[in-house]
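What follows is the content of structure-v9.pdb (PDB, C-alpha atoms, pLDDT in the B column).
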```pdb
ATOM      1  CA  MET A   1       9.902 -10.564 -77.896  1.00 53.00           C
ATOM      2  CA  ALA A   2       9.336  -9.187 -74.424  1.00 57.00           C
ATOM      3  CA  ARG A   3       9.628  -5.479 -73.844  1.00 62.00           C
ATOM      4  CA  ARG A   4      12.759  -4.551 -71.934  1.00 58.00           C
ATOM      5  CA  GLU A   5      13.208  -1.743 -69.509  1.00 62.00           C
ATOM      6  CA  ARG A   6      15.648   0.971 -70.508  1.00 61.00           C
ATOM      7  CA  GLU A   7      18.005   0.142 -67.649  1.00 61.00           C
ATOM      8  CA  ASP A   8      18.209  -3.531 -68.677  1.00 58.00           C
ATOM      9  CA  TRP A   9      19.187  -3.204 -72.350  1.00 56.00           C
ATOM     10  CA  PRO A  10      22.951  -2.550 -71.978  1.00 60.00           C
ATOM     11  CA  TRP A  11      23.280  -5.808 -70.061  1.00 60.00           C
ATOM     12  CA  THR A  12      21.123  -7.954 -72.331  1.00 69.00           C
ATOM     13  CA  ILE A  13      22.452  -6.666 -75.652  1.00 71.00           C
ATOM     14  CA  ASP A  14      25.637  -8.638 -74.990  1.00 71.00           C
ATOM     15  CA  ASP A  15      23.562 -11.847 -74.857  1.00 73.00           C
ATOM     16  CA  ASP A  16      21.823 -10.910 -78.105  1.00 75.00           C
ATOM     17  CA  LEU A  17      25.116 -10.208 -79.866  1.00 76.00           C
ATOM     18  CA  ARG A  18      26.581 -13.475 -78.604  1.00 77.00           C
ATOM     19  CA  ALA A  19      23.542 -15.381 -79.945  1.00 74.00           C
ATOM     20  CA  LEU A  20      23.850 -13.608 -83.310  1.00 74.00           C
ATOM     21  CA  ARG A  21      27.568 -14.430 -83.494  1.00 74.00           C
ATOM     22  CA  ASP A  22      26.853 -18.095 -82.747  1.00 71.00           C
ATOM     23  CA  GLU A  23      24.196 -18.188 -85.445  1.00 69.00           C
ATOM     24  CA  LEU A  24      26.477 -16.565 -88.011  1.00 70.00           C
ATOM     25  CA  THR A  25      29.348 -18.876 -87.092  1.00 65.00           C
ATOM     26  CA  LYS A  26      27.189 -21.901 -87.916  1.00 61.00           C
ATOM     27  CA  ALA A  27      26.461 -20.517 -91.386  1.00 56.00           C
ATOM     28  CA  GLY A  28      29.793 -18.724 -91.700  1.00 54.00           C
ATOM     29  CA  ARG A  29      31.547 -21.076 -94.066  1.00 50.00           C
ATOM     30  CA  THR A  30      28.829 -20.970 -96.677  1.00 47.00           C
ATOM     31  CA  VAL A  31      28.433 -17.201 -96.381  1.00 46.00           C
ATOM     32  CA  VAL A  32      32.159 -16.596 -96.847  1.00 44.00           C
ATOM     33  CA  ARG A  33      32.401 -18.972 -99.813  1.00 44.00           C
ATOM     34  CA  ARG A  34      29.601 -17.309-101.743  1.00 46.00           C
ATOM     35  CA  ARG A  35      30.787 -13.750-101.294  1.00 53.00           C
ATOM     36  CA  VAL A  36      32.734 -12.186-104.130  1.00 76.00           C
ATOM     37  CA  TRP A  37      35.396  -9.912-102.722  1.00 88.00           C
ATOM     38  CA  GLU A  38      37.408  -7.106-104.291  1.00 92.00           C
ATOM     39  CA  PRO A  39      41.131  -6.695-103.717  1.00 95.00           C
ATOM     40  CA  ARG A  40      42.443  -3.242-102.834  1.00 95.00           C
ATOM     41  CA  VAL A  41      44.126  -1.505-105.764  1.00 97.00           C
ATOM     42  CA  ASP A  42      46.530   1.416-106.276  1.00 97.00           C
ATOM     43  CA  LEU A  43      46.911   3.051-109.710  1.00 97.00           C
ATOM     44  CA  PHE A  44      49.872   5.293-110.551  1.00 95.00           C
ATOM     45  CA  GLU A  45      50.778   7.187-113.717  1.00 93.00           C
ATOM     46  CA  GLN A  46      54.332   7.632-114.960  1.00 92.00           C
ATOM     47  CA  GLU A  47      55.546   9.316-118.133  1.00 89.00           C
ATOM     48  CA  ASP A  48      55.631   6.042-120.052  1.00 91.00           C
ATOM     49  CA  GLY A  49      52.578   4.270-118.630  1.00 93.00           C
ATOM     50  CA  PHE A  50      50.421   3.262-115.693  1.00 95.00           C
ATOM     51  CA  THR A  51      51.216   0.892-112.847  1.00 97.00           C
ATOM     52  CA  LEU A  52      48.435  -0.949-111.088  1.00 97.00           C
ATOM     53  CA  LYS A  53      49.181  -2.692-107.800  1.00 97.00           C
ATOM     54  CA  ALA A  54      46.572  -5.123-106.427  1.00 97.00           C
ATOM     55  CA  GLU A  55      46.719  -6.692-102.964  1.00 96.00           C
ATOM     56  CA  ILE A  56      45.905 -10.404-103.432  1.00 95.00           C
ATOM     57  CA  ALA A  57      47.984 -12.290-100.868  1.00 94.00           C
ATOM     58  CA  GLY A  58      47.428 -16.022-100.741  1.00 92.00           C
ATOM     59  CA  VAL A  59      46.286 -16.305-104.355  1.00 94.00           C
ATOM     60  CA  ARG A  60      48.284 -18.672-106.561  1.00 92.00           C
ATOM     61  CA  GLY A  61      49.579 -17.201-109.805  1.00 90.00           C
ATOM     62  CA  GLU A  62      47.742 -19.789-111.896  1.00 93.00           C
ATOM     63  CA  ASP A  63      44.452 -18.678-110.288  1.00 94.00           C
ATOM     64  CA  ILE A  64      44.725 -15.090-111.604  1.00 95.00           C
ATOM     65  CA  GLN A  65      43.246 -13.832-114.888  1.00 95.00           C
ATOM     66  CA  LEU A  66      43.980 -10.410-116.314  1.00 95.00           C
ATOM     67  CA  SER A  67      42.111  -8.773-119.202  1.00 95.00           C
ATOM     68  CA  TYR A  68      41.931  -5.347-120.846  1.00 94.00           C
ATOM     69  CA  THR A  69      38.797  -3.958-122.509  1.00 93.00           C
ATOM     70  CA  PRO A  70      39.797  -1.148-124.930  1.00 91.00           C
ATOM     71  CA  ASP A  71      36.290   0.292-125.439  1.00 91.00           C
ATOM     72  CA  ALA A  72      35.794   0.836-121.704  1.00 93.00           C
ATOM     73  CA  ARG A  73      39.511   1.432-120.961  1.00 92.00           C
ATOM     74  CA  THR A  74      39.275  -1.042-118.092  1.00 95.00           C
ATOM     75  CA  LEU A  75      41.709  -3.544-116.695  1.00 95.00           C
ATOM     76  CA  THR A  76      39.970  -6.503-115.023  1.00 95.00           C
ATOM     77  CA  ILE A  77      41.571  -8.817-112.484  1.00 96.00           C
ATOM     78  CA  LYS A  78      39.749 -12.074-111.696  1.00 95.00           C
ATOM     79  CA  GLY A  79      40.772 -15.017-109.612  1.00 95.00           C
ATOM     80  CA  VAL A  80      40.146 -17.217-106.640  1.00 94.00           C
ATOM     81  CA  ARG A  81      41.710 -17.577-103.206  1.00 92.00           C
ATOM     82  CA  HIS A  82      41.289 -21.162-101.987  1.00 89.00           C
ATOM     83  CA  GLU A  83      40.525 -22.033 -98.387  1.00 81.00           C
ATOM     84  CA  GLU A  84      43.282 -23.900 -96.583  1.00 74.00           C
ATOM     85  CA  THR A  85      42.111 -24.411 -93.010  1.00 66.00           C
ATOM     86  CA  VAL A  86      38.428 -23.500 -92.905  1.00 57.00           C
ATOM     87  CA  GLY A  87      36.257 -26.565 -93.128  1.00 60.00           C
ATOM     88  CA  ARG A  88      38.817 -29.128 -92.034  1.00 69.00           C
ATOM     89  CA  ARG A  89      37.780 -31.618 -89.394  1.00 77.00           C
ATOM     90  CA  GLY A  90      38.785 -30.618 -85.909  1.00 80.00           C
ATOM     91  CA  VAL A  91      39.320 -26.948 -86.808  1.00 77.00           C
ATOM     92  CA  ARG A  92      37.409 -24.456 -84.686  1.00 79.00           C
ATOM     93  CA  CYS A  93      37.162 -20.906 -86.060  1.00 76.00           C
ATOM     94  CA  TYR A  94      37.120 -17.987 -83.677  1.00 81.00           C
ATOM     95  CA  GLN A  95      37.593 -15.175 -86.154  1.00 82.00           C
ATOM     96  CA  LEU A  96      37.208 -14.968 -89.949  1.00 79.00           C
ATOM     97  CA  GLU A  97      38.422 -11.763 -91.597  1.00 84.00           C
ATOM     98  CA  VAL A  98      40.170 -13.096 -94.702  1.00 85.00           C
ATOM     99  CA  TYR A  99      37.892 -13.569 -97.698  1.00 87.00           C
ATOM    100  CA  TYR A 100      38.126 -16.760 -99.702  1.00 87.00           C
ATOM    101  CA  GLY A 101      36.593 -17.684-103.007  1.00 90.00           C
ATOM    102  CA  GLU A 102      36.275 -15.818-106.255  1.00 93.00           C
ATOM    103  CA  PHE A 103      37.226 -12.182-106.626  1.00 95.00           C
ATOM    104  CA  GLU A 104      36.973  -9.617-109.363  1.00 94.00           C
ATOM    105  CA  ARG A 105      38.144  -6.026-109.660  1.00 95.00           C
ATOM    106  CA  GLU A 106      37.681  -3.720-112.623  1.00 95.00           C
ATOM    107  CA  VAL A 107      39.817  -0.578-112.806  1.00 96.00           C
ATOM    108  CA  GLU A 108      39.178   2.211-115.291  1.00 95.00           C
ATOM    109  CA  LEU A 109      42.317   3.718-116.776  1.00 94.00           C
ATOM    110  CA  PRO A 110      42.568   7.400-117.784  1.00 91.00           C
ATOM    111  CA  ASP A 111      41.637   8.282-121.352  1.00 89.00           C
ATOM    112  CA  CYS A 112      44.993   7.787-123.036  1.00 89.00           C
ATOM    113  CA  PRO A 113      46.257   5.605-125.918  1.00 91.00           C
ATOM    114  CA  ILE A 114      47.481   2.265-124.520  1.00 92.00           C
ATOM    115  CA  ASP A 115      49.949  -0.248-125.984  1.00 93.00           C
ATOM    116  CA  VAL A 116      47.852  -3.369-125.313  1.00 93.00           C
ATOM    117  CA  ASP A 117      50.582  -5.735-126.553  1.00 93.00           C
ATOM    118  CA  GLY A 118      53.055  -4.200-124.096  1.00 94.00           C
ATOM    119  CA  ILE A 119      51.035  -4.861-120.924  1.00 95.00           C
ATOM    120  CA  ARG A 120      53.188  -6.796-118.431  1.00 96.00           C
ATOM    121  CA  ALA A 121      52.307  -8.331-115.070  1.00 96.00           C
ATOM    122  CA  GLN A 122      54.212  -9.890-112.216  1.00 95.00           C
ATOM    123  CA  TYR A 123      53.114 -11.363-108.909  1.00 93.00           C
ATOM    124  CA  ARG A 124      55.349 -11.044-105.871  1.00 91.00           C
ATOM    125  CA  ASN A 125      54.993 -10.760-102.113  1.00 92.00           C
ATOM    126  CA  GLY A 126      51.191 -10.926-102.302  1.00 93.00           C
ATOM    127  CA  PHE A 127      50.859  -8.117-104.840  1.00 96.00           C
ATOM    128  CA  LEU A 128      49.944  -8.297-108.510  1.00 96.00           C
ATOM    129  CA  ILE A 129      51.822  -5.495-110.288  1.00 97.00           C
ATOM    130  CA  VAL A 130      50.637  -4.628-113.794  1.00 97.00           C
ATOM    131  CA  PHE A 131      52.420  -2.155-116.073  1.00 97.00           C
ATOM    132  CA  VAL A 132      50.290  -0.666-118.865  1.00 95.00           C
ATOM    133  CA  PRO A 133      52.456   1.306-121.343  1.00 95.00           C
ATOM    134  CA  LYS A 134      51.206   4.449-123.077  1.00 93.00           C
ATOM    135  CA  ILE A 135      51.569   5.029-126.796  1.00 91.00           C
ATOM    136  CA  GLY A 136      53.740   8.138-127.243  1.00 77.00           C
ATOM    137  CA  VAL A 137      50.945  10.702-126.725  1.00 63.00           C
ATOM    138  CA  ALA A 138      50.703  12.716-123.527  1.00 64.00           C
ATOM    139  CA  CYS A 139      47.498  12.201-121.552  1.00 67.00           C
ATOM    140  CA  PRO A 140      45.305  15.075-120.402  1.00 62.00           C
ATOM    141  CA  HIS A 141      46.748  16.568-117.203  1.00 57.00           C
ATOM    142  CA  ARG A 142      45.467  15.139-113.944  1.00 56.00           C
ATOM    143  CA  MET A 143      46.181  16.509-110.491  1.00 53.00           C
ATOM    144  CA  ASP A 144      49.436  15.161-109.057  1.00 56.00           C
ATOM    145  CA  LEU A 145      49.914  14.459-105.371  1.00 54.00           C
ATOM    146  CA  GLN A 146      52.163  17.540-105.208  1.00 56.00           C
ATOM    147  CA  ASP A 147      49.315  19.679-106.657  1.00 51.00           C
ATOM    148  CA  ALA A 148      46.901  18.626-103.918  1.00 48.00           C
TER
END
```

Before we go any further, please render this structure as structure tokens.
Amino acid sequence: MARREREDWPWTIDDDLRALRDELTKAGRTVVRRRVWEPRVDLFEQEDGFTLKAEIAGVRGEDIQLSYTPDARTLTIKGVRHEETVGRRGVRCYQLEVYYGEFEREVELPDCPIDVDGIRAQYRNGFLIVFVPKIGVACPHRMDLQDA
């Protein structure tokens, strides 16, 4: 690579970035397919249990798996978001920000007795909402939003 003068680099960096973008676009489909992504998750505590809300828009209900591991106190969400337009003939991609393919997210719940048989889940408006009921015992106090 030829040495550039300091005054020249702001003008040539644009060419370098454009070349890098073109190179990544060629390999883009395979890179995106192989990447495992993690959905964003909120976890709330109520008196009677915990509510987990995971953002997984575009994922079909039958492509979601939910499991609870008592020893680790973790709730695991697995699934896959299938591509719909990427890779079709005649489709030209200009921007790819939505992840496709397999995903997995493990969320640790607070140390509190859980009613495993009472766990319920529903999927609506692109969110998976999971309710994990407590078993009658109060959990150790955690800081509430009002305490912050």

### Task
Apply the PyMOL selection byres ((chain A and resi 83) around 6) to the file shown and report the selected residues as a PyMOL selection string.
chain A and resi 82+84+100

### Residue nearest A:Asp42 among A:Ile119, A:Arg105, A:Asp71, A:Cys112 (counting all atoms listed in the file)
A:Arg105

### Message
Suppose a student applies the PyMOL selection byres ((chain A and resi 46-57) around 7) to this structure; what residues should they get, written as a PyMOL selection string?
### Response
chain A and resi 39-45+58-59+126-134

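Computed from the coordinates, the atom CA of A:Gly136 to atom CA of A:Asp117 distance equals 14.2 Å.
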
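From atom CA of A:Gly101 back to atom CA of A:Arg81, the distance works out to 5.1 Å.
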
### Query
What is the atom CA of A:Ile64-atom CA of A:Glu108 distance in Å, reported with one decimal?
18.5 Å

Centre, x/y/z edge lengths, axis-aligned box for stretch 51-57 of chain A with 6 Å per side, as JSON:
```
{"center_x": 48.6, "center_y": -5.7, "center_z": -106.9, "size_x": 17.3, "size_y": 25.2, "size_z": 24.0}
```

### Query
What do you get, as number ranges by chain, if you spell out every residue that the PyMOL selection byres ((chain A and resi 66) around 8) selects here?
A: 64-65, 67-68, 75-78

### Task
Find, counting only C-alpha atoms, the residue in A:Pro70, A:Gly61, A:Pro113, A:Gly79 that gets nearest to A:Ile135.
A:Pro113

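Candidate residues A:Glu102, A:Glu62, A:Asp15, A:Asp111 were compared for distance to A:Tyr123, and the nearest is A:Glu62, using all atoms listed in the file.
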
### Summary
Judged by all atoms listed in the file, the minimum distance to A:Arg73 among A:Glu38, A:Asp16, A:Asp22, A:Asp115 is found for A:Asp115

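Nearest to A:Thr74 of all the residues A:Arg60, A:Val36, A:Glu106, A:Arg21 is A:Glu106, counting all atoms listed in the file.
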